[in-house]
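These notes concern the structure reproduced below.
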There are 4 protein chains.
Amino acid sequence: MKGRLTLKDKRPKYKKIIEAAVKVIAENGYHAAQVSKIAKQAGVADGTIYLYFKNKEDILISLFKEKMGIHIEKIREKLEGKRSASEKLYTLIESHFTQLDQDHDYAIVTQLELRQTNRELRLKINQILKEYLDVIDEIIEYGKITGEFRADLDKRLARQIIFGTIDEIVTTWVMNDQKYQLIDLVEKVYELFMNGFQKRDTQASFSQTDVTSFQQ
Amino acid sequence: MKGRLTLKDKRPKYKKIIEAAVKVIAENGYHAAQVSKIAKQAGVADGTIYLYFKNKEDILISLFKEKMGIHIEKIREKLEGKRSASEKLYTLIESHFTQLDQDHDYAIVTQLELRQTNRELRLKINQILKEYLDVIDEIIEYGKITGEFRADLDKRLARQIIFGTIDEIVTTWVMNDQKYQLIDLVEKVYELFMNGFQKRDTQASFSQTDVTSFQQ
Amino acid sequence: MKGRLTLKDKRPKYKKIIEAAVKVIAENGYHAAQVSKIAKQAGVADGTIYLYFKNKEDILISLFKEKMGIHIEKIREKLEGKRSASEKLYTLIESHFTQLDQDHDYAIVTQLELRQTNRELRLKINQILKEYLDVIDEIIEYGKITGEFRADLDKRLARQIIFGTIDEIVTTWVMNDQKYQLIDLVEKVYELFMNGFQKRDTQASFSQTDVTSFQQ
Amino acid sequence: MKGRLTLKDKRPKYKKIIEAAVKVIAENGYHAAQVSKIAKQAGVADGTIYLYFKNKEDILISLFKEKMGIHIEKIREKLEGKRSASEKLYTLIESHFTQLDQDHDYAIVTQLELRQTNRELRLKINQILKEYLDVIDEIIEYGKITGEFRADLDKRLARQIIFGTIDEIVTTWVMNDQKYQLIDLVEKVYELFMNGFQKRDTQASFSQTDVTSFQQ
DNA sequence: AATGAATGAGTCTTCATTCAT
DNA sequence: CATGAATGAAGACTCATTCAT
């Protein structure tokens with residue numbers, strides 16, 4: 001297929017540097033992750049970093065943009081197949097947890113290290129995050145259209161509940177040295193969200209079939 | 001005498017340094033908040049700082065401990081007067097938002113700057129935060145006892161929803177330069193939480209079976 | 001065939017690189033004139049520079065040697081036609097000012113940027129300059145032979161006055177952003193030099209007393 | 001006496017750093033004169049440099065300003081006692097050469113290293129030099145008033161001859177490793193300047209004998 | 001002859017902390 | 001208790017030069 005080239009196909013050094021950065025930052029923390037350490041881990045010279053990235057901050061931004069881009073792409077693909085907002089919400093939570101469950105180093109970087117940066121950088125990170133928050137918004141909108149969610153549900157607030165909660169859950173998990181499986185929490189989180197968002201008087205139609213049908 | 005002495009009663013320099021730190025960090029950001037700047041703002045010599053604090057990190061820890069202590073004390077006082085879990089939950093949200101609404105500098109420090117620190121410091125911050133999370137836990141427990149909240153409500157998850165959400169809301173508010181009033185959001189947030197946590201005695205058609213059926 | 005080949009005749013890339021260097025150095029200053037910038041301006045690859053020049057210093061040396069060679073050649077041609085030392089001196093000054101008046105970029109390079117180099121390079125530059133100083137020396141010698149200049153005129157000192165003065169004049173002019181015409185100064189400079197160098201057959205009035213009185 | 005405190009009286013570290021800088025720069029060249037080397041030579045910590053100087057450039061500027069200030073002060077004192085422009089001119093040349101003769105390291109710094117700097121710095125250096133050029137200008141003006149110098153003498157040109165020449169002489173001397181005594185050149189230089197600047201129609205009494213009589 | 005991606009050595013500056021007064 | 005001058009460790013980034021193609 002001739003889509004956009006992914007990290008794997010082109011710019012091998014770019015990819016290697018990003019992967020090295022994730023590892024070195026996860027292991028040492030952002031401030032102790034010297035450029036020279038990242039270069040060594042990537043198997044390139046210090047100067048080579050600067051052929052691909054403007055500066056150290058740019059590595060972090062690019063790393064997050066790259067990973068988040070892939071993450072969003074995957075989620076959007078999965079969401080397309082789902083016909084109900086509830087299924088979509090379930091898929092989002094599951095994808096979010098799965099991705100971080102599968103890449104512990106990246107989880108550390110995104111939950112802890114990425115935040116140890118100045119306000120300016122945080123704003124750039126937020127811009128990237130915006131696209132993800134849009135996906136959440138779309139699910140909420142969809143749920144209101146299909147009638148699955150209460151018509152008076154505040155979109156921004158619902159989004160903050162969803163993102164705030166799963167982010168807090170992941171951070172707690174990372175802080176606890178990732179001792180348990182994030183993926184095990186999907187069901188409960190989903191259920192609580194649904195409880196809060198659903199129409200109250202019309203919950204008769206949420207048939208057993210509907211619910212189970214989207215379970216893998 | 002009424003319990004432990006507060007910031008106001010003793011050690012005027014200690015108090016001045018903490019207040020100076022909040023101001024300087026809020027205005028300059030954590031990394032640009034040099035000890036000398038804090039000393040200048042507090043009207044003391046650089047060296048004096050070290051008579052009251054072990055090191056720069058200790059200022060931050062103490063600042064958070066001090067402020068959070070007062071915050072928790074206030075909340076506990078208010079909560080005592082409330083007889084229902086729902087009232088307690090409402091009071092918690094209201095107190096949380098009110099405190100930060102009233103001290104913008106501290107809001108910046110706690111939501112943005114305090115997080116720009118290394119893992120070690122974050123762990124210490126979490127220990128302090130623990131006491132606040134305990135308050136949340138107690139409300140949840142209480143609600144389950146009174147029957148206001150579902151018996152099968154996962155305490156940790158509920159706490160993460162509550163804290164994750166209000167934290168995300170405050171952060172968004174700070175990032176948006178605190179343009180609106182946090183306090184105006186209390187009602188809606190409270191309702192959504194209640195929606196999710198409440199016993200579903202009016203949820204005739206959403207049978208208990210339905211809900212559990214798709215849990216693993 | 002007419003002597004050594006000039007810049008115009010052969011090695012077009014060599015010529016292009018030198019001209020590019022003059023332009024880039026004049027516009028950016030010596031230290032901001034990266035080899036890659038010069039290569040880009042010359043329309044060649046970075047590596048190509050090293051097929052024509054040993055290193056960056058060598059570009060500067062070659063540039064100066066090349067330009068100074070042409071300058072000296074022109075002056076010698078003009079001087080051949082002059083029969084008196086005074087005419088020769090006038091011609092030298094005029095040529096010096098004219099050349100720099102006509103190539104502002106080169107004037108900046110030679111008066112300001114070429115001097116921002118280390119001692120070693122300065123010695124090499126002085127070696128090239130030596131040939132030019134020889135031309136001055138020859139004029140002074142000639143003037144002493146024809147009797148136009150005082151027999152006791154110190155050759156080295158006279159040369160230092162001539163070169164030191166015109167160099168200072170050009171530097172001042174460059175520093176003042178070349179706002180005026182150098183060529184307009186030729187007459188006055190020439191006259192002052194002649195005043196100082198000429199035989200004084202009419203110097204009766206400077207009494208012994210005057211001279212000795214201010215010696216310590 | 002309670003005049004302004006000189007380098008010797010106050011700020012011993014400031015003075016030590018400047019003297020160390022002169023030595024280290026003279027021995028290593030400006031670009032090889034690392035701040036750490038200067039600090040070591042001065043017997044202070046690297047960071048101490050920055051309590052007294054804004055940055056490395058500022059050391060150079062301050063060094064020149066300090067030394068030039070002292071130099072100008074001395075010259076002005078000596079000039080006050082002189083009643084004729086010729087005496088003043090003689091004194092200026094003598095002072096200039098004497099100062100540099102007595103401090104070879106400073107001579108290297110001022111003639112070679114101070115010039116290895118970018119345009120911006122050169123402009124700052126020129127501002128400091130301006131005060132010295134003013135002294136020269138005053139002598140020329142004075143000579144025109146007393147009638148010692150030609151009324152039509154161009155002030156700027158005369159100043160450029162004086163400064164350009166003595167600067168060129170000193171640079172040549174430094175480049176030749178200061179093998180001879182600068183002070184020995186004073187008489188001849190003075191004589192040549194006078195020759196060029198004097199009124200011509202009144203020079204009847206300046207006999208050849210007169211001129212040579214005060215040469216050593 | 002020409003390219004240009006890759007290399008890696010080298011240094012100024014900041015700022016938390018100390019300690020003599 | 002209080003001061004503030006002095007300390008010194010630590011690292012991102014540039015750019016002249018090389019060499020495989």
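Residues in the structure tokens are named by chain (A, B, ... in the order shown) and by number from 1 within that chain; ligands are numbered from 1 in the order shown.
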Tell me, counting only C-alpha atoms (C1' of nucleotides), for each residue of chain D within 7 Å of chain F, which pair of atoms is nearest and how far apart they are in Å to one decimal, in rows ordered by chain and increasing number, as CSV.
```
residue,atom,partner,partner_atom,distance
D:Ala45,CA,F:DT7,C1',6.2
D:Gly47,CA,F:DT7,C1',6.9
D:Thr48,CA,F:DA6,C1',6.5
```
Quick check for you: according to DSSP on this backbone, which residues of segment 43-204 of chain B are classed as helix (DSSP H, G or I)? Reply as a count of residues only. 125
Lay chain D over chain C with a least-squares fit on all the C-alpha atoms, paired in sequence, and tell me the RMSD.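 The root-mean-square deviation of C-alpha positions is 6.6 Å.
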Could you tell me which residues of chain B sit within 10 Å of chain E when counting only C-alpha atoms (C1' of nucleotides), and give me the result as a PyMOL selection string? chain B and resi 34-36+46-47+50+55-56
Between C:His96, C:Lys37, C:Arg150, C:His31, single out the one closest to chain D, counting only C-alpha atoms.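 Looking at the shortest contact to chain D, the residue is C:His31.
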With only C-alpha atoms as the basis for distance, which of C:Leu92, C:Val24, C:Leu114, C:Ile17 is at the shortest distance from Asn126 of chain C? C:Leu114
